[in-house]
Amino acid sequence: MAQVTLKGNPVQVGGALPQAGSQAPAFTLVGAGLADTSLQDFAGKRKVLNIFPSIDTPTCATSVRTFNAKAGSLANTVVLCISADLPFAQARFCGAEGLDSVRTLSTLRGRDFHENYGVALADGPLAGLTARAVVVLDENDTVLHTELVAEIADEPNYEAALAVLA
């Protein structure tokens with residue numbers, strides 16, 4: 001079990017973050033209109049998985065905005081913003097912000113994603129949600145980069161994540 005912090009307080013994280021060079025675990029989450037959306041739906045594209053607890057927190061919202069701006073213009077690349085928020089809330093946020101270069105997915109169903117991607121917050125006030133992490137995949141779902149952000153309130157290292165796609 002990994003450990004991160006939330007405002008300096010230790011939080012246990014269950015599961016194992018996929019390692020660079022490994023095959024990404026398959027998943028099915030909830031997309032727009034409550035439709036099941038799988039990793040396979042993005043076959044042939046490079047993927048940036050921006051994983052976070054909730055779009056309704058400042059750091060999470062910033063990560064969605066930043067990846068929308070920085071990765072939105074990358075060729076053959078889709079940014080998947082994954083949180084526990086309902087698809088309606090995710091769509092409302094992206095619509096209000098004018099964000100059209102990211103896709104949102106909810107862990108409403110497909111809770112095995114938490115463990116399979118090593119982001120299951122096991123304790124603390126956000127228990128049951130996901131830790132903040134970034135996983136970058138190539139066109140064949142091979143893991144190119146991973147980061148489990150050590151402090152949940154901190155932003156991920158955008159440059160390191162996007163460098164593997166340059």
# chains A, B, ... in the order shown; residues from 1 in each chain; ligands from 1
>>> residues_around(residues="stretch 114-128 of chain A", least_positions_apart="3", cutoff="6 Å", atoms="only C-alpha atoms", output="VMD selection string")
chain A and resid 11 to 17 111 131
>>> select_by_dssp(residues="stretch 14-162 of chain A", states="alpha helix (DSSP H)", output="number ranges by chain")
A: 58-71, 87-97, 112-116, 158-162
>>> closest_residue(among="A:Ala160, A:Cys94, A:Ala43, A:Ala150", to="A:Gln3", atoms="only C-alpha atoms")
A:Ala150
>>> select_by_dssp(residues="chain A", states="strand (DSSP E or B)", output="count of residues only")
52
>>> atom_distance(atom1="atom CA of A:Thr28", atom2="atom CA of A:Ser83")
13.1 Å
>>> closest_atom_pairs(of="stretch 100-122 of chain A", to="stretch 85-90 of chain A", cutoff="12 Å", atoms="only C-alpha atoms", output="Markdown table")
| residue | atom | partner | partner_atom | distance |
| --- | --- | --- | --- | --- |
| A:Asp100 | CA | A:Gln90 | CA | 11.9 |
| A:Val102 | CA | A:Gln90 | CA | 10.7 |
| A:Arg103 | CA | A:Gln90 | CA | 9.2 |
| A:Thr104 | CA | A:Gln90 | CA | 6.4 |
| A:Leu105 | CA | A:Pro87 | CA | 6.8 |
| A:Ser106 | CA | A:Asp85 | CA | 5.8 |
| A:Thr107 | CA | A:Asp85 | CA | 7.5 |
| A:Leu108 | CA | A:Leu86 | CA | 6.8 |
| A:Arg109 | CA | A:Leu86 | CA | 10.2 |
>>> closest_residue(among="A:Asn76, A:Gln19, A:Ala91, A:Arg65", to="A:Leu34", atoms="only C-alpha atoms")
A:Ala91
>>> residues_around(residues="A:Asp141", least_positions_apart="3", cutoff="10 Å", atoms="only C-alpha atoms", output="ChimeraX atom specification")
/A:21-26,39-40,42-47,136-138,144
>>> write_last_selection(atoms="N, CA, C and O atoms", output="compact mmCIF listing (two decimals), in the first residue's frame")
# COMPACT_ATOMS: atom_id res chain seq x y z
N GLY A 21 6.17 0.80 -19.06
CA GLY A 21 6.51 -0.41 -19.80
C GLY A 21 5.48 -1.51 -19.67
O GLY A 21 5.47 -2.45 -20.47
N SER A 22 4.58 -1.41 -18.69
CA SER A 22 3.54 -2.44 -18.50
C SER A 22 2.33 -2.12 -19.37
O SER A 22 2.19 -1.02 -19.89
N GLN A 23 1.46 -3.10 -19.49
CA GLN A 23 0.20 -2.91 -20.21
C GLN A 23 -0.82 -2.32 -19.24
O GLN A 23 -0.96 -2.82 -18.11
N ALA A 24 -1.51 -1.27 -19.64
CA ALA A 24 -2.50 -0.64 -18.77
C ALA A 24 -3.67 -1.58 -18.53
O ALA A 24 -4.13 -2.26 -19.45
N PRO A 25 -4.16 -1.64 -17.30
CA PRO A 25 -5.34 -2.46 -17.03
C PRO A 25 -6.56 -1.93 -17.79
O PRO A 25 -6.76 -0.72 -17.88
N ALA A 26 -7.36 -2.83 -18.32
CA ALA A 26 -8.61 -2.44 -18.98
C ALA A 26 -9.54 -1.84 -17.94
O ALA A 26 -9.46 -2.15 -16.75
N LEU A 39 -11.64 1.73 -21.87
CA LEU A 39 -10.32 2.08 -22.40
C LEU A 39 -10.27 1.73 -23.88
O LEU A 39 -9.72 2.48 -24.69
N GLN A 40 -10.90 0.65 -24.27
CA GLN A 40 -10.93 0.19 -25.66
C GLN A 40 -11.59 1.21 -26.58
O GLN A 40 -11.27 1.28 -27.76
N PHE A 42 -10.96 4.14 -26.85
CA PHE A 42 -9.94 5.09 -27.27
C PHE A 42 -8.76 4.39 -27.95
O PHE A 42 -7.66 4.92 -28.02
N ALA A 43 -9.02 3.18 -28.46
CA ALA A 43 -7.98 2.38 -29.12
C ALA A 43 -7.33 3.18 -30.25
O ALA A 43 -8.01 3.90 -30.99
N GLY A 44 -6.02 3.05 -30.35
CA GLY A 44 -5.28 3.72 -31.41
C GLY A 44 -4.90 5.15 -31.09
O GLY A 44 -4.19 5.79 -31.85
N LYS A 45 -5.35 5.66 -29.94
CA LYS A 45 -4.99 7.01 -29.53
C LYS A 45 -4.04 6.95 -28.33
O LYS A 45 -4.11 6.02 -27.53
N ARG A 46 -3.19 7.95 -28.21
CA ARG A 46 -2.40 8.11 -27.00
C ARG A 46 -3.33 8.71 -25.95
O ARG A 46 -4.22 9.49 -26.28
N LYS A 47 -3.14 8.32 -24.69
CA LYS A 47 -4.08 8.71 -23.65
C LYS A 47 -3.33 9.30 -22.45
O LYS A 47 -2.34 8.73 -22.00
N VAL A 136 0.11 8.01 -18.40
CA VAL A 136 0.15 8.30 -19.83
C VAL A 136 0.36 6.99 -20.57
O VAL A 136 1.26 6.22 -20.23
N LEU A 137 -0.48 6.76 -21.59
CA LEU A 137 -0.44 5.52 -22.37
C LEU A 137 -0.17 5.83 -23.83
O LEU A 137 -0.60 6.86 -24.36
N ASP A 138 0.50 4.90 -24.50
CA ASP A 138 0.68 5.05 -25.95
C ASP A 138 -0.54 4.50 -26.68
O ASP A 138 -1.54 4.13 -26.05
N LEU A 144 3.54 4.73 -20.47
CA LEU A 144 4.74 5.51 -20.75
C LEU A 144 5.23 6.28 -19.54
O LEU A 144 6.43 6.54 -19.39
>>> residues_around(residues="stretch 4-7 of chain A", least_positions_apart="6", cutoff="7 Å", atoms="only C-alpha atoms", output="list in words")
Ala150, Glu151, Ile152 and Ala153 of chain A
>>> write_last_selection(atoms="N, CA and C atoms", output="compact mmCIF listing (two decimals), in the first residue's frame")
# COMPACT_ATOMS: atom_id res chain seq x y z
N ALA A 150 2.34 13.09 -4.50
CA ALA A 150 2.62 12.82 -3.09
C ALA A 150 1.69 13.58 -2.14
N GLU A 151 1.32 14.79 -2.50
CA GLU A 151 0.40 15.61 -1.70
C GLU A 151 -0.84 15.84 -2.54
N ILE A 152 -1.98 15.32 -2.10
CA ILE A 152 -3.21 15.39 -2.88
C ILE A 152 -3.57 16.82 -3.28
N ALA A 153 -3.24 17.79 -2.44
CA ALA A 153 -3.58 19.19 -2.72
C ALA A 153 -2.64 19.83 -3.75
>>> residues_around(residues="A:Ser101", least_positions_apart="4", cutoff="8 Å", atoms="only C-alpha atoms", output="list in words")
Asn68, Ala69, Ala71, Gly72, Ser73, Val78 and Val79 of chain A
>>> write_last_selection(atoms="N, CA and C atoms", output="CSV table (one decimal), in the first residue's frame")
chain,number,residue,atom,x,y,z
A,68,ASN,N,-6.3,20.6,-20.5
A,68,ASN,CA,-7.1,21.0,-21.7
A,68,ASN,C,-6.2,22.0,-22.5
A,69,ALA,N,-5.5,22.9,-21.9
A,69,ALA,CA,-4.7,23.8,-22.6
A,69,ALA,C,-3.4,23.2,-23.2
A,71,ALA,N,-2.4,19.8,-23.5
A,71,ALA,CA,-2.5,18.5,-24.2
A,71,ALA,C,-3.5,18.5,-25.3
A,72,GLY,N,-4.4,19.5,-25.3
A,72,GLY,CA,-5.5,19.5,-26.3
A,72,GLY,C,-5.0,19.5,-27.7
A,73,SER,N,-3.9,20.1,-27.9
A,73,SER,CA,-3.4,20.2,-29.3
A,73,SER,C,-2.4,19.1,-29.7
A,78,VAL,N,-5.8,11.9,-26.5
A,78,VAL,CA,-7.0,12.2,-25.8
A,78,VAL,C,-6.7,12.3,-24.3
A,79,VAL,N,-7.2,13.4,-23.7
A,79,VAL,CA,-7.0,13.5,-22.2
A,79,VAL,C,-8.3,13.1,-21.5
>>> decode(residues="stretch 33-153 of chain A", atoms="C-alpha atoms", output="short mmCIF file (atom, residue, chain, number, x, y, z; two decimals), in the first residue's frame")
data_model
loop_
_atom_site.label_atom_id
_atom_site.label_comp_id
_atom_site.auth_asym_id
_atom_site.auth_seq_id
_atom_site.Cartn_x
_atom_site.Cartn_y
_atom_site.Cartn_z
CA GLY A 33 -25.12 10.50 -20.74
CA LEU A 34 -24.27 7.73 -18.23
CA ALA A 35 -22.90 5.55 -21.05
CA ASP A 36 -20.35 2.87 -20.24
CA THR A 37 -17.02 3.98 -21.69
CA SER A 38 -14.02 1.68 -21.82
CA LEU A 39 -10.32 2.08 -22.40
CA GLN A 40 -10.93 0.19 -25.66
CA ASP A 41 -13.14 3.07 -26.86
CA PHE A 42 -9.94 5.09 -27.27
CA ALA A 43 -7.98 2.38 -29.12
CA GLY A 44 -5.28 3.72 -31.41
CA LYS A 45 -4.99 7.01 -29.53
CA ARG A 46 -2.40 8.11 -27.00
CA LYS A 47 -4.08 8.71 -23.65
CA VAL A 48 -3.39 10.99 -20.69
CA LEU A 49 -5.34 9.78 -17.66
CA ASN A 50 -5.74 12.74 -15.32
CA ILE A 51 -7.07 11.08 -12.16
CA PHE A 52 -8.29 13.14 -9.19
CA PRO A 53 -10.81 13.11 -6.30
CA SER A 54 -13.40 15.69 -7.45
CA ILE A 55 -13.69 18.38 -10.10
CA ASP A 56 -15.25 20.62 -7.43
CA THR A 57 -11.92 21.29 -5.70
CA PRO A 58 -9.52 24.03 -6.80
CA THR A 59 -6.51 21.82 -7.59
CA CYS A 60 -8.60 19.27 -9.49
CA ALA A 61 -10.25 22.01 -11.54
CA THR A 62 -6.84 23.52 -12.29
CA SER A 63 -5.51 20.18 -13.53
CA VAL A 64 -8.45 19.82 -15.93
CA ARG A 65 -7.93 23.37 -17.24
CA THR A 66 -4.18 22.88 -17.59
CA PHE A 67 -4.38 19.56 -19.41
CA ASN A 68 -7.09 21.03 -21.66
CA ALA A 69 -4.70 23.85 -22.62
CA LYS A 70 -1.44 21.90 -22.81
CA ALA A 71 -2.46 18.52 -24.21
CA GLY A 72 -5.48 19.48 -26.25
CA SER A 73 -3.36 20.24 -29.32
CA LEU A 74 -1.25 17.08 -29.23
CA ALA A 75 -1.73 14.85 -32.25
CA ASN A 76 -3.64 11.58 -31.79
CA THR A 77 -3.99 12.20 -28.06
CA VAL A 78 -7.03 12.22 -25.79
CA VAL A 79 -7.03 13.53 -22.22
CA LEU A 80 -9.33 11.54 -19.93
CA CYS A 81 -10.21 13.35 -16.71
CA ILE A 82 -11.32 10.70 -14.23
CA SER A 83 -13.06 11.42 -10.92
CA ALA A 84 -15.96 10.26 -8.75
CA ASP A 85 -18.12 13.17 -9.91
CA LEU A 86 -21.30 12.36 -11.79
CA PRO A 87 -21.06 12.92 -15.55
CA PHE A 88 -23.59 15.76 -15.24
CA ALA A 89 -21.34 17.72 -12.86
CA GLN A 90 -18.29 17.03 -15.01
CA ALA A 91 -20.12 18.25 -18.14
CA ARG A 92 -21.44 21.33 -16.34
CA PHE A 93 -17.91 22.27 -15.21
CA CYS A 94 -16.33 21.75 -18.63
CA GLY A 95 -19.19 23.61 -20.34
CA ALA A 96 -18.98 26.58 -17.99
CA GLU A 97 -15.20 26.71 -18.43
CA GLY A 98 -15.30 26.25 -22.22
CA LEU A 99 -13.12 23.13 -21.99
CA ASP A 100 -13.51 21.04 -25.12
CA SER A 101 -10.15 19.27 -25.39
CA VAL A 102 -10.70 16.82 -22.53
CA ARG A 103 -13.09 13.92 -22.00
CA THR A 104 -14.51 13.26 -18.54
CA LEU A 105 -15.15 9.86 -17.02
CA SER A 106 -16.78 8.99 -13.70
CA THR A 107 -15.93 6.13 -11.36
CA LEU A 108 -19.64 5.90 -10.52
CA ARG A 109 -19.41 2.35 -11.93
CA GLY A 110 -16.19 0.46 -12.51
CA ARG A 111 -14.90 0.91 -8.98
CA ASP A 112 -12.22 -1.71 -9.67
CA PHE A 113 -10.43 1.14 -11.48
CA HIS A 114 -9.37 2.52 -8.06
CA GLU A 115 -7.42 -0.62 -7.11
CA ASN A 116 -6.26 -1.51 -10.63
CA TYR A 117 -4.68 1.92 -11.08
CA GLY A 118 -3.32 2.21 -7.52
CA VAL A 119 -5.37 5.29 -6.60
CA ALA A 120 -7.85 3.92 -4.00
CA LEU A 121 -7.87 6.27 -1.01
CA ALA A 122 -8.26 3.82 1.87
CA ASP A 123 -8.58 6.24 4.78
CA GLY A 124 -8.75 9.91 5.67
CA PRO A 125 -11.54 12.36 4.83
CA LEU A 126 -11.50 11.45 1.11
CA ALA A 127 -11.65 7.67 1.66
CA GLY A 128 -13.50 6.02 -1.21
CA LEU A 129 -12.33 8.58 -3.76
CA THR A 130 -9.19 8.47 -5.90
CA ALA A 131 -5.79 9.91 -5.16
CA ARG A 132 -4.34 12.42 -7.61
CA ALA A 133 -2.35 10.65 -10.31
CA VAL A 134 -1.40 10.85 -13.96
CA VAL A 135 -0.93 7.82 -16.21
CA VAL A 136 0.15 8.30 -19.83
CA LEU A 137 -0.44 5.52 -22.37
CA ASP A 138 0.68 5.05 -25.95
CA GLU A 139 -1.58 3.99 -28.82
CA ASN A 140 -1.36 0.34 -27.70
CA ASP A 141 -2.09 1.07 -24.01
CA THR A 142 1.50 0.58 -22.92
CA VAL A 143 2.25 2.76 -19.90
CA LEU A 144 4.74 5.51 -20.75
CA HIS A 145 4.63 7.56 -17.54
CA THR A 146 3.01 7.45 -14.11
CA GLU A 147 2.88 9.84 -11.20
CA LEU A 148 1.09 9.36 -7.90
CA VAL A 149 1.12 12.92 -6.58
CA ALA A 150 2.62 12.82 -3.09
CA GLU A 151 0.40 15.61 -1.70
CA ILE A 152 -3.21 15.39 -2.88
CA ALA A 153 -3.58 19.19 -2.72
#
